[in-house]
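Listing of final.txt; format and content: compact mmCIF, C-alpha atoms (C1' of nucleotides).
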```txt
# COMPACT_ATOMS: atom_id res chain seq x y z
CA MET A 1440 7.67 6.70 -11.44
CA SER A 1441 10.92 5.01 -12.24
CA ASP A 1442 10.49 2.45 -9.54
CA ILE A 1443 11.08 -0.90 -11.07
CA ALA A 1444 8.51 -3.57 -10.66
CA PRO A 1445 9.14 -4.85 -7.14
CA LEU A 1446 9.66 -8.21 -8.74
CA ALA A 1447 7.12 -10.63 -7.47
CA PRO A 1448 7.34 -10.90 -3.70
CA GLU A 1449 6.26 -14.48 -4.41
CA ARG A 1450 3.44 -15.46 -2.13
CA ALA A 1451 5.02 -17.72 0.44
CA ALA A 1452 2.29 -20.27 0.22
CA PRO A 1453 0.36 -20.22 -3.06
CA ARG A 1454 -2.56 -21.31 -0.93
CA LYS A 1455 -4.58 -24.29 -1.84
CA ARG A 1456 -7.80 -23.63 -3.66
CA ASP A 1457 -10.09 -22.80 -0.83
CA ALA A 1458 -13.12 -20.68 -1.42
CA GLU A 1459 -13.69 -20.07 2.24
CA ALA A 1460 -10.18 -18.88 2.89
CA THR A 1461 -10.15 -16.69 -0.17
CA ARG A 1462 -13.41 -15.12 0.78
CA ALA A 1463 -12.09 -14.43 4.24
CA ALA A 1464 -8.89 -12.96 2.88
CA ILE A 1465 -10.82 -10.63 0.61
CA LEU A 1466 -13.03 -9.55 3.45
CA ALA A 1467 -10.06 -8.82 5.65
CA ALA A 1468 -8.39 -6.81 2.93
CA ALA A 1469 -11.62 -4.95 2.33
CA LYS A 1470 -11.91 -3.99 5.96
CA ALA A 1471 -8.38 -2.70 5.92
CA GLN A 1472 -8.65 -0.74 2.72
CA PHE A 1473 -12.10 0.68 3.33
CA GLY A 1474 -10.95 1.72 6.76
CA ARG A 1475 -7.85 3.37 5.51
CA LEU A 1476 -9.20 4.89 2.32
CA GLY A 1477 -12.94 5.16 2.67
CA TYR A 1478 -15.45 3.79 0.26
CA ASP A 1479 -14.71 5.94 -2.73
CA ARG A 1480 -10.95 5.77 -2.80
CA ALA A 1481 -10.75 2.11 -2.04
CA VAL A 1482 -10.13 0.15 -5.20
CA LEU A 1483 -11.35 -3.39 -5.77
CA ARG A 1484 -8.25 -4.33 -7.69
CA ASP A 1485 -6.09 -3.36 -4.74
CA ILE A 1486 -8.28 -5.16 -2.28
CA ALA A 1487 -8.07 -8.27 -4.40
CA ALA A 1488 -4.33 -7.85 -4.72
CA GLU A 1489 -3.88 -7.49 -0.98
CA ALA A 1490 -5.90 -10.64 -0.54
CA GLY A 1491 -3.81 -12.40 -3.13
CA ALA A 1492 -6.87 -12.96 -5.24
CA ASP A 1493 -8.39 -11.75 -8.47
CA VAL A 1494 -10.94 -8.98 -8.83
CA ALA A 1495 -13.42 -11.26 -10.47
CA LEU A 1496 -13.62 -13.30 -7.31
CA ILE A 1497 -15.01 -10.32 -5.50
CA LYS A 1498 -17.91 -10.39 -7.82
CA ARG A 1499 -18.31 -14.10 -7.41
CA TYR A 1500 -18.20 -14.07 -3.62
CA PHE A 1501 -19.79 -10.77 -2.78
CA GLY A 1502 -21.57 -9.47 -5.82
CA GLY A 1503 -20.04 -6.04 -6.10
CA LYS A 1504 -18.32 -3.20 -4.34
CA GLU A 1505 -21.25 -1.99 -2.34
CA ALA A 1506 -22.14 -5.48 -1.19
CA LEU A 1507 -18.56 -6.06 -0.16
CA PHE A 1508 -18.60 -2.83 1.76
CA THR A 1509 -21.77 -3.73 3.57
CA GLU A 1510 -20.35 -7.07 4.53
CA ALA A 1511 -17.10 -5.54 5.73
CA LEU A 1512 -19.08 -3.04 7.71
CA ARG A 1513 -21.07 -5.71 9.41
CA ALA A 1514 -17.91 -7.62 10.22
CA SER A 1515 -16.29 -4.53 11.68
CA PHE A 1516 -18.67 -4.25 14.52
CA ARG A 1517 -17.68 -5.80 17.75
CA PRO A 1518 -20.74 -5.28 19.86
CA ASP A 1519 -19.02 -6.49 22.96
CA PHE A 1520 -16.19 -4.03 23.09
CA VAL A 1521 -17.94 -2.14 25.83
CA GLN A 1522 -17.92 -5.15 28.09
CA GLU A 1523 -14.19 -4.87 28.28
CA TRP A 1524 -14.43 -1.52 29.90
CA ASP A 1525 -13.65 -1.54 33.54
CA ARG A 1526 -15.41 1.26 35.34
CA ALA A 1527 -12.38 2.02 37.40
CA THR A 1528 -9.86 2.30 34.61
CA PHE A 1529 -11.68 2.79 31.35
CA ALA A 1530 -11.41 6.56 31.43
CA HIS A 1531 -7.66 6.49 31.69
CA GLU A 1532 -7.39 3.77 29.09
CA ILE A 1533 -9.42 5.77 26.65
CA ALA A 1534 -7.40 8.86 27.35
CA VAL A 1535 -4.15 7.07 26.68
CA MET A 1536 -5.53 5.50 23.56
CA MET A 1537 -6.70 8.84 22.28
CA ALA A 1538 -3.35 10.39 23.02
CA GLY A 1539 -1.66 7.86 20.76
CA ALA A 1540 -1.29 7.76 17.03
CA PRO A 1541 -4.15 6.38 14.97
CA ALA A 1542 -2.15 3.42 13.77
CA ASP A 1543 -1.29 2.38 17.26
CA ASP A 1544 -4.00 -0.12 17.82
CA ALA A 1545 -6.33 -2.29 15.86
CA ARG A 1546 -9.41 -1.02 17.59
CA ALA A 1547 -8.80 2.36 16.09
CA HIS A 1548 -8.99 1.01 12.59
CA ARG A 1549 -12.39 -0.44 13.05
CA PHE A 1550 -13.69 2.81 14.39
CA GLN A 1551 -12.02 4.72 11.66
CA PHE A 1552 -13.85 2.56 9.21
CA LEU A 1553 -17.14 3.10 10.91
CA LEU A 1554 -16.52 6.77 11.25
CA ARG A 1555 -15.82 7.21 7.58
CA ALA A 1556 -18.92 5.25 6.79
CA ALA A 1557 -20.96 7.29 9.20
CA THR A 1558 -19.97 10.61 7.74
CA SER A 1559 -20.41 9.58 4.16
CA PRO A 1560 -23.84 10.47 2.88
CA THR A 1561 -23.95 7.33 0.81
CA THR A 1562 -23.21 4.87 3.50
CA ALA A 1563 -24.66 6.67 6.48
CA PRO A 1564 -28.14 5.24 6.09
CA LEU A 1565 -26.75 1.74 6.17
CA LEU A 1566 -25.06 2.58 9.38
CA ASN A 1567 -27.61 4.34 11.50
CA VAL A 1568 -29.47 1.30 12.59
CA ALA A 1569 -26.29 -0.62 13.16
CA ILE A 1570 -24.83 2.18 15.25
CA GLN A 1571 -27.93 2.38 17.32
CA GLU A 1572 -28.04 -1.30 18.05
CA ARG A 1573 -24.45 -2.23 18.28
CA PHE A 1574 -22.74 0.87 19.59
CA LEU A 1575 -25.19 2.95 21.54
CA ALA A 1576 -27.17 0.11 23.03
CA PRO A 1577 -24.18 -1.61 24.64
CA ILE A 1578 -23.01 1.66 26.09
CA ARG A 1579 -26.47 2.34 27.38
CA ASP A 1580 -26.66 -0.99 29.12
CA TRP A 1581 -23.22 -0.49 30.50
CA LEU A 1582 -24.15 2.90 31.90
CA GLY A 1583 -27.49 1.75 33.19
CA GLY A 1584 -29.82 3.80 35.29
CA GLU A 1585 -32.76 6.03 34.64
CA ASP A 1586 -31.25 8.54 32.23
CA ALA A 1587 -29.01 6.15 30.41
CA PRO A 1588 -30.26 7.11 26.93
CA ALA A 1589 -29.38 10.77 27.21
CA ARG A 1590 -26.15 10.08 29.02
CA THR A 1591 -25.25 7.54 26.39
CA ARG A 1592 -25.54 10.17 23.72
CA VAL A 1593 -23.23 12.47 25.57
CA LEU A 1594 -20.68 9.76 26.20
CA ALA A 1595 -20.84 8.43 22.66
CA ALA A 1596 -20.56 11.88 21.17
CA THR A 1597 -17.53 12.68 23.22
CA PHE A 1598 -15.96 9.37 22.41
CA ILE A 1599 -16.48 9.89 18.72
CA GLY A 1600 -15.07 13.36 18.95
CA PHE A 1601 -11.81 12.09 20.29
CA LEU A 1602 -11.63 9.52 17.56
CA VAL A 1603 -12.00 12.25 15.01
CA GLU A 1604 -9.51 14.47 16.72
CA ARG A 1605 -6.96 11.72 16.74
CA LEU A 1606 -7.72 10.99 13.14
CA ILE A 1607 -7.09 14.57 12.18
CA ARG A 1608 -4.19 15.20 14.42
CA ALA A 1609 -1.05 15.94 12.50
CA GLU A 1610 1.77 15.47 14.94
CA PRO A 1611 1.78 13.17 17.95
CA LEU A 1612 1.26 14.47 21.44
CA THR A 1613 4.34 14.62 23.59
CA GLY A 1614 5.66 15.79 26.87
CA ARG A 1615 3.61 18.13 28.95
CA GLU A 1616 0.91 18.57 26.36
CA ARG A 1617 0.35 14.86 26.30
CA ALA A 1618 0.26 14.64 30.06
CA ILE A 1619 -2.28 17.41 30.40
CA PHE A 1620 -4.31 15.98 27.58
CA ILE A 1621 -4.49 12.60 29.26
CA ALA A 1622 -5.27 14.05 32.65
CA ARG A 1623 -8.04 16.23 31.37
CA THR A 1624 -9.51 13.56 29.17
CA THR A 1625 -9.48 11.03 31.95
CA ALA A 1626 -11.24 13.41 34.26
CA MET A 1627 -13.85 14.15 31.68
CA PHE A 1628 -14.70 10.58 30.90
CA GLU A 1629 -14.86 9.80 34.56
CA SER A 1630 -17.31 12.58 35.12
CA LEU A 1631 -19.44 11.20 32.32
CA VAL A 1632 -20.12 7.93 34.05
CA ALA A 1633 -20.67 9.48 37.44
CA MET B 1500 -28.60 8.19 -4.30
CA SER B 1501 -29.02 10.08 -7.56
CA ASP B 1502 -32.53 11.13 -6.77
CA ILE B 1503 -31.70 14.65 -5.78
CA ALA B 1504 -31.10 16.58 -8.96
CA PRO B 1505 -32.05 20.07 -7.83
CA LEU B 1506 -32.86 20.70 -11.46
CA ALA B 1507 -31.70 24.13 -12.44
CA PRO B 1508 -34.44 26.59 -11.56
CA GLU B 1509 -33.54 28.43 -14.75
CA ARG B 1510 -31.52 31.48 -13.99
CA ALA B 1511 -33.99 34.31 -13.69
CA ALA B 1512 -31.48 36.80 -14.88
CA PRO B 1513 -29.03 35.44 -17.45
CA ARG B 1514 -26.52 37.43 -15.51
CA LYS B 1515 -24.27 39.91 -17.16
CA ARG B 1516 -20.80 38.79 -17.86
CA ASP B 1517 -19.20 39.24 -14.51
CA ALA B 1518 -16.19 37.23 -13.59
CA GLU B 1519 -16.45 38.13 -9.96
CA ALA B 1520 -20.06 37.08 -9.66
CA THR B 1521 -19.50 33.87 -11.54
CA ARG B 1522 -16.58 32.98 -9.39
CA ALA B 1523 -18.63 33.60 -6.30
CA ALA B 1524 -21.51 31.52 -7.62
CA ILE B 1525 -19.21 28.63 -8.34
CA LEU B 1526 -17.70 28.87 -4.91
CA ALA B 1527 -21.09 28.88 -3.28
CA ALA B 1528 -22.20 25.88 -5.26
CA ALA B 1529 -18.97 24.13 -4.41
CA LYS B 1530 -19.50 24.69 -0.72
CA ALA B 1531 -22.99 23.28 -0.98
CA GLN B 1532 -22.09 20.23 -3.00
CA PHE B 1533 -18.90 19.38 -1.18
CA GLY B 1534 -20.80 19.68 2.06
CA ARG B 1535 -23.62 17.49 0.94
CA LEU B 1536 -21.64 14.93 -1.03
CA GLY B 1537 -18.10 15.02 0.19
CA TYR B 1538 -15.06 15.51 -1.97
CA ASP B 1539 -15.13 12.34 -3.98
CA ARG B 1540 -18.77 12.22 -4.89
CA ALA B 1541 -19.10 15.87 -5.69
CA VAL B 1542 -18.93 16.39 -9.44
CA LEU B 1543 -17.51 19.47 -11.07
CA ARG B 1544 -20.10 19.42 -13.81
CA ASP B 1545 -22.88 19.56 -11.25
CA ILE B 1546 -21.22 22.30 -9.29
CA ALA B 1547 -20.88 24.33 -12.44
CA ALA B 1548 -24.47 23.61 -13.36
CA GLU B 1549 -25.72 24.72 -9.97
CA ALA B 1550 -23.75 27.90 -10.38
CA GLY B 1551 -25.16 28.40 -13.84
CA ALA B 1552 -21.69 28.27 -15.28
CA ASP B 1553 -19.55 25.99 -17.38
CA VAL B 1554 -17.08 23.44 -16.10
CA ALA B 1555 -14.24 25.05 -17.94
CA LEU B 1556 -14.67 28.16 -15.86
CA ILE B 1557 -13.82 26.21 -12.78
CA LYS B 1558 -10.49 25.50 -14.30
CA ARG B 1559 -10.06 29.11 -15.29
CA TYR B 1560 -10.97 30.55 -11.92
CA PHE B 1561 -9.71 27.93 -9.55
CA GLY B 1562 -7.38 25.65 -11.39
CA GLY B 1563 -8.91 22.31 -10.61
CA LYS B 1564 -11.03 20.29 -8.27
CA GLU B 1565 -8.61 20.18 -5.41
CA ALA B 1566 -7.93 23.87 -5.56
CA LEU B 1567 -11.63 24.59 -5.64
CA PHE B 1568 -12.08 22.41 -2.62
CA THR B 1569 -9.33 24.13 -0.73
CA GLU B 1570 -10.85 27.49 -1.48
CA ALA B 1571 -14.31 26.36 -0.46
CA LEU B 1572 -12.82 24.99 2.68
CA ARG B 1573 -11.18 28.24 3.54
CA ALA B 1574 -14.37 30.10 2.88
CA SER B 1575 -16.30 27.75 5.12
CA PHE B 1576 -14.37 28.74 8.16
CA ARG B 1577 -15.60 31.53 10.26
CA PRO B 1578 -12.53 32.24 12.32
CA ASP B 1579 -14.37 34.60 14.59
CA PHE B 1580 -17.08 32.28 15.78
CA VAL B 1581 -15.23 31.76 19.01
CA GLN B 1582 -15.29 35.42 19.81
CA GLU B 1583 -19.03 35.21 20.06
CA TRP B 1584 -18.74 32.79 22.89
CA ASP B 1585 -19.58 34.25 26.21
CA ARG B 1586 -17.84 32.39 28.99
CA ALA B 1587 -20.95 32.46 31.11
CA THR B 1588 -23.39 31.10 28.59
CA PHE B 1589 -21.49 29.39 25.82
CA ALA B 1590 -21.76 25.96 27.34
CA HIS B 1591 -25.52 26.09 27.47
CA GLU B 1592 -25.73 27.56 24.00
CA ILE B 1593 -23.66 24.78 22.57
CA ALA B 1594 -25.71 22.20 24.40
CA VAL B 1595 -28.94 23.56 23.00
CA MET B 1596 -27.49 23.79 19.55
CA MET B 1597 -26.29 20.20 19.72
CA ALA B 1598 -29.67 19.07 20.93
CA GLY B 1599 -31.30 20.43 17.80
CA ALA B 1600 -31.65 18.88 14.39
CA PRO B 1601 -28.78 19.24 11.95
CA ALA B 1602 -30.84 21.22 9.51
CA ASP B 1603 -31.80 23.70 12.13
CA ASP B 1604 -29.15 26.22 11.39
CA ALA B 1605 -26.78 27.19 8.67
CA ARG B 1606 -23.81 26.76 10.92
CA ALA B 1607 -24.43 23.04 10.85
CA HIS B 1608 -23.92 22.87 7.13
CA ARG B 1609 -20.56 24.46 7.28
CA PHE B 1610 -19.48 22.02 9.91
CA GLN B 1611 -20.86 19.15 7.95
CA PHE B 1612 -18.60 20.21 5.17
CA LEU B 1613 -15.62 20.41 7.42
CA LEU B 1614 -16.42 17.15 9.04
CA ARG B 1615 -16.61 15.30 5.77
CA ALA B 1616 -13.35 16.84 4.82
CA ALA B 1617 -11.85 15.81 8.10
CA THR B 1618 -12.83 12.20 7.87
CA SER B 1619 -11.72 11.75 4.30
CA PRO B 1620 -8.10 10.69 4.04
CA THR B 1621 -7.78 12.62 0.83
CA THR B 1622 -8.79 15.94 2.17
CA ALA B 1623 -7.71 15.60 5.75
CA PRO B 1624 -4.20 16.84 5.03
CA LEU B 1625 -5.58 19.93 3.39
CA LEU B 1626 -7.59 20.49 6.47
CA ASN B 1627 -4.94 20.22 9.08
CA VAL B 1628 -3.43 23.59 8.47
CA ALA B 1629 -6.77 25.29 8.22
CA ILE B 1630 -8.06 23.64 11.35
CA GLN B 1631 -4.96 24.57 13.23
CA GLU B 1632 -5.07 28.19 12.27
CA ARG B 1633 -8.73 28.95 12.16
CA PHE B 1634 -10.30 26.61 14.63
CA LEU B 1635 -7.81 25.54 17.23
CA ALA B 1636 -5.89 28.74 17.46
CA PRO B 1637 -8.92 30.91 18.23
CA ILE B 1638 -10.10 28.46 20.84
CA ARG B 1639 -6.64 28.37 22.32
CA ASP B 1640 -6.51 32.10 22.61
CA TRP B 1641 -9.96 32.14 24.04
CA LEU B 1642 -9.03 29.59 26.64
CA GLY B 1643 -5.73 31.16 27.43
CA GLY B 1644 -3.45 30.09 30.19
CA GLU B 1645 -0.50 27.80 30.52
CA ASP B 1646 -1.92 24.55 29.24
CA ALA B 1647 -4.14 26.01 26.59
CA PRO B 1648 -2.81 23.78 23.81
CA ALA B 1649 -3.71 20.51 25.47
CA ARG B 1650 -6.97 21.83 26.80
CA THR B 1651 -7.83 23.13 23.37
CA ARG B 1652 -7.50 19.67 21.95
CA VAL B 1653 -9.84 18.27 24.52
CA LEU B 1654 -12.38 20.98 23.99
CA ALA B 1655 -12.15 20.80 20.23
CA ALA B 1656 -12.41 17.03 20.21
CA THR B 1657 -15.48 17.10 22.34
CA PHE B 1658 -17.03 19.80 20.25
CA ILE B 1659 -16.43 17.87 17.07
CA GLY B 1660 -17.87 14.77 18.63
CA PHE B 1661 -21.16 16.45 19.30
CA LEU B 1662 -21.29 17.70 15.77
CA VAL B 1663 -20.86 14.17 14.53
CA GLU B 1664 -23.39 12.81 16.92
CA ARG B 1665 -25.93 15.33 15.78
CA LEU B 1666 -25.13 14.54 12.20
CA ILE B 1667 -25.68 10.86 12.72
CA ARG B 1668 -28.63 11.15 15.02
CA ALA B 1669 -31.73 9.64 13.53
CA GLU B 1670 -34.60 11.07 15.49
CA PRO B 1671 -34.71 14.41 17.32
CA LEU B 1672 -34.27 14.66 21.04
CA THR B 1673 -37.38 15.39 23.02
CA GLY B 1674 -38.76 15.61 26.51
CA ARG B 1675 -36.75 14.30 29.37
CA GLU B 1676 -34.00 12.87 27.20
CA ARG B 1677 -33.44 16.25 25.68
CA ALA B 1678 -33.42 17.94 29.04
CA ILE B 1679 -30.90 15.55 30.50
CA PHE B 1680 -28.80 15.75 27.38
CA ILE B 1681 -28.65 19.52 27.59
CA ALA B 1682 -27.95 19.53 31.29
CA ARG B 1683 -25.14 17.03 31.03
CA THR B 1684 -23.63 18.61 27.99
CA THR B 1685 -23.72 22.04 29.54
CA ALA B 1686 -22.01 20.77 32.65
CA MET B 1687 -19.34 19.07 30.62
CA PHE B 1688 -18.45 22.06 28.51
CA GLU B 1689 -18.37 24.22 31.57
CA SER B 1690 -15.93 21.89 33.21
CA LEU B 1691 -13.74 22.06 30.16
CA VAL B 1692 -13.09 25.75 30.48
CA ALA B 1693 -12.61 25.65 34.20
C1' DC C 1422 -18.12 52.00 -34.77
C1' DC C 1423 -14.61 48.74 -34.16
C1' DG C 1424 -11.12 45.76 -32.50
C1' DG C 1425 -9.07 43.32 -28.77
C1' DG C 1426 -9.29 41.02 -24.76
C1' DA C 1427 -11.96 38.98 -21.25
C1' DA C 1428 -16.00 35.90 -20.28
C1' DG C 1429 -18.23 32.07 -21.50
C1' DT C 1430 -19.18 27.63 -24.47
C1' DC C 1431 -18.31 23.23 -26.69
C1' DA C 1432 -16.61 18.99 -27.68
C1' DA C 1433 -13.36 16.08 -27.29
C1' DC C 1434 -9.48 13.22 -24.74
C1' DG C 1435 -7.60 10.30 -21.32
C1' DT C 1436 -7.77 7.82 -17.25
C1' DG C 1437 -9.19 5.00 -13.62
C1' DC C 1438 -12.22 1.77 -12.27
C1' DA C 1439 -16.19 -1.49 -11.63
C1' DT C 1440 -18.15 -4.98 -14.04
C1' DT C 1441 -18.51 -9.07 -16.80
C1' DG C 1442 -18.10 -13.25 -19.42
C1' DA C 1443 -15.29 -16.45 -21.50
C1' DC C 1444 -11.23 -19.23 -20.57
C1' DT C 1445 -7.96 -22.21 -17.78
C1' DT C 1446 -6.53 -25.01 -13.98
C1' DC C 1447 -7.11 -27.52 -10.04
C1' DT C 1448 -9.33 -31.08 -7.08
C1' DC C 1449 -11.95 -34.67 -5.62
C1' DA C 1450 -15.55 -38.28 -6.01
C1' DT C 1451 -16.27 -42.11 -8.33
C1' DA D 961 -7.62 -42.32 -13.87
C1' DT D 962 -10.83 -39.17 -15.35
C1' DG D 963 -14.13 -35.91 -16.02
C1' DA D 964 -17.26 -32.54 -14.05
C1' DG D 965 -17.63 -28.78 -11.42
C1' DA D 966 -15.58 -25.47 -8.47
C1' DA D 967 -11.73 -22.08 -7.95
C1' DG D 968 -9.11 -18.96 -10.06
C1' DT D 969 -7.38 -15.98 -14.32
C1' DC D 970 -7.56 -12.79 -18.21
C1' DA D 971 -8.83 -9.31 -21.14
C1' DA D 972 -12.46 -6.47 -22.89
C1' DT D 973 -16.18 -3.22 -22.21
C1' DG D 974 -18.23 0.74 -20.82
C1' DC D 975 -18.98 4.52 -17.98
C1' DA D 976 -18.13 8.56 -15.15
C1' DC D 977 -15.41 12.38 -14.54
C1' DG D 978 -11.43 15.71 -14.49
C1' DT D 979 -9.01 18.13 -17.71
C1' DT D 980 -8.00 20.76 -21.79
C1' DG D 981 -7.73 23.59 -25.85
C1' DA D 982 -9.97 25.62 -29.51
C1' DC D 983 -14.03 28.32 -30.61
C1' DT D 984 -17.69 31.97 -29.92
C1' DT D 985 -19.85 35.86 -27.80
C1' DC D 986 -19.89 39.88 -25.30
C1' DC D 987 -18.24 44.27 -23.50
C1' DC D 988 -15.78 48.47 -23.44
C1' DG D 989 -12.32 51.94 -24.43
C1' DG D 990 -10.81 54.72 -28.05
```

Would it be possible to restate this file's structure as structure tokens?
Amino acid sequence: MSDIAPLAPERAAPRKRDAEATRAAILAAAKAQFGRLGYDRAVLRDIAAEAGADVALIKRYFGGKEALFTEALRASFRPDFVQEWDRATFAHEIAVMMAGAPADDARAHRFQFLLRAATSPTTAPLLNVAIQERFLAPIRDWLGGEDAPARTRVLAATFIGFLVERLIRAEPLTGRERAIFIARTTAMFESLVA
Amino acid sequence: MSDIAPLAPERAAPRKRDAEATRAAILAAAKAQFGRLGYDRAVLRDIAAEAGADVALIKRYFGGKEALFTEALRASFRPDFVQEWDRATFAHEIAVMMAGAPADDARAHRFQFLLRAATSPTTAPLLNVAIQERFLAPIRDWLGGEDAPARTRVLAATFIGFLVERLIRAEPLTGRERAIFIARTTAMFESLVA
DNA sequence: CCGGGAAGTCAACGTGCATTGACTTCTCAT
DNA sequence: ATGAGAAGTCAATGCACGTTGACTTCCCGG
């Protein structure tokens, strides 16, 4: 309330006029804000501000809020993330990741974004196809085998569940609880690929 | 997006002046709309309309939007659902339930509501306490044992994940895929209580 | 039958935000 | 060097929605 204007943090480099860079900056800010706040609470003015740009440019470069969202959504997918999974260690890695705080890694933010989009009735339709093709399909290929489709669903569902749990979780896991959590989670994910 | 408009089926009975009934109607409408639309997109005017009441009454009876939401949230919990779980069969029951379509049962709607609340940064804080007390705690007691807290998290996370997956799922599961899905899911939940 | 209080209605008000178009400044090709 | 067009700025508009307070209608006890 009584906080004085933080007196211009003066942008280090005023940045040369560069449409491409500005567009990219806006997109990056959009991904961050949509991920953190969700579609409804994210504000274009703030996104523009974070990008060091003006709101009007959002219109110029993207058309509008929904278009910006769609674009950010598309850019948030990394269809190859599954490839990084090593069969021997992925279960433990996931368990550790899930035991951490949401802010701990960048990956989490992307998923948070997707998750919010997925559970919002407005944006869900946009997402279903994308999820199918860019999330489930890679996992399916990675799993391989006859019953990959069904097993993929189980694995994906579980994975998502942990993302949500971490998202909701109030206080961080520590000590014995954390240890047990990791052990159990690791075992479970391992059993899912067996 | 705005194509729904359940258009008021004209109240058959103009309803006698009954604060209790009105309050209940509003609460019911709130649960429905919040569940379908999420917190941000749900509109008090529409909730009131669906309840056959006036917006101002929401203020009178609940105080405001957030308070109404909190109340609806509380009412959406069925703290005793865990008690119904039979250790021998619950895993299979859950698997079958998760294999079904979201609209299949009323339970799904409640969870949809909770899920939306959980994934919205605005409402998530409100939810933490409720989740702790009415969802995690019962499961913890049900699980029992030394490491119940950590194991509860794992079980709850998984459970939530399947709810999300079902929510997102485009087409229903059938045939072999469904069978495998149920088998795998059953096995997994069983292992979680072991 | 009547008066008071509760239940219900109405019509603003204010705010926050997306959207938009006109205006200014920069940059680069000629 | 200069002017045309792109990049960036500003302020206004309008809408959707929560909130609010004053007003009206009903019910019920005496």

Residues of chain A within 12 Å of chain D, counting only C-alpha atoms (C1' of nucleotides), what are they? List them as a PDB file with C-alpha atoms, keeping the file's coordinate frame.
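What follows is the written file iface-v3.pdb:
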```pdb
ATOM      1  CA  PRO A1453       0.360 -20.220  -3.060  1.00  0.00           C
ATOM      2  CA  ARG A1454      -2.560 -21.310  -0.930  1.00  0.00           C
ATOM      3  CA  LYS A1455      -4.580 -24.290  -1.840  1.00  0.00           C
ATOM      4  CA  ARG A1456      -7.800 -23.630  -3.660  1.00  0.00           C
ATOM      5  CA  ASP A1457     -10.090 -22.800  -0.830  1.00  0.00           C
ATOM      6  CA  ALA A1458     -13.120 -20.680  -1.420  1.00  0.00           C
ATOM      7  CA  GLU A1459     -13.690 -20.070   2.240  1.00  0.00           C
ATOM      8  CA  ALA A1460     -10.180 -18.880   2.890  1.00  0.00           C
ATOM      9  CA  THR A1461     -10.150 -16.690  -0.170  1.00  0.00           C
ATOM     10  CA  ARG A1462     -13.410 -15.120   0.780  1.00  0.00           C
ATOM     11  CA  GLY A1491      -3.810 -12.400  -3.130  1.00  0.00           C
ATOM     12  CA  ALA A1492      -6.870 -12.960  -5.240  1.00  0.00           C
ATOM     13  CA  ASP A1493      -8.390 -11.750  -8.470  1.00  0.00           C
ATOM     14  CA  VAL A1494     -10.940  -8.980  -8.830  1.00  0.00           C
ATOM     15  CA  ALA A1495     -13.420 -11.260 -10.470  1.00  0.00           C
ATOM     16  CA  LEU A1496     -13.620 -13.300  -7.310  1.00  0.00           C
ATOM     17  CA  ILE A1497     -15.010 -10.320  -5.500  1.00  0.00           C
ATOM     18  CA  ARG A1499     -18.310 -14.100  -7.410  1.00  0.00           C
ATOM     19  CA  TYR A1500     -18.200 -14.070  -3.620  1.00  0.00           C
TER      20      TYR A1500
END
```

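Chains of identical sequence, chain B and chain A give a C-alpha root-mean-square deviation of 2.4 Å after superposition over all matched alpha carbons.
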
Specify as an NGL selection string all residues of chain A found within 9 Å of chain C, counting only C-alpha atoms (C1' of nucleotides). :A and (1456 or 1482-1484 or 1495 or 1498 or 1503-1504)

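Take the candidates B:Ala1686, B:Leu1642, B:Ala1656, B:Leu1666 and check each one against chain A using only C-alpha atoms; the shortest distance goes to B:Ala1656.
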
Anything within 10 Å of (-5.0, -6.5, 1.1): list those residues as a PyMOL selection string, counting all atoms listed in the file and sticking to the file's coordinates. chain A and resi 1464-1472+1483-1492

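Going from atom CA of Arg1549 of chain A over to atom CA of Leu1654 of chain B, you cover 24.1 Å.
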
Give as JSON, numbers by chain the set of residues within 12 Å of the point (-28.6, 20.1, 32.2), where distances use the file's coordinates and only C-alpha atoms (C1' of nucleotides). {"A": [1586, 1589, 1590, 1593], "B": [1590, 1591, 1592, 1593, 1594, 1595, 1598, 1675, 1676, 1677, 1678, 1679, 1680, 1681, 1682, 1683, 1684, 1685, 1686, 1687, 1688, 1689]}

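Atom CA of Thr1597 of chain A lies 17.8 Å from atom CA of Gly1583 of chain A.
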
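The smallest atom-to-atom distance between chain A and any of B:Ala1600, B:Ile1667, B:Ala1541, B:Leu1572, using only C-alpha atoms, is found for B:Ile1667.
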
Correct to one decimal, the distance atom CA of Thr1673 of chain B-atom CA of Glu1572 of chain A is 19.8 Å

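With only C-alpha atoms as the atoms that count, the minimum distance from chain A to the choices B:Phe1589, B:Trp1584, B:Trp1641, B:Phe1610 is reached by B:Phe1610.
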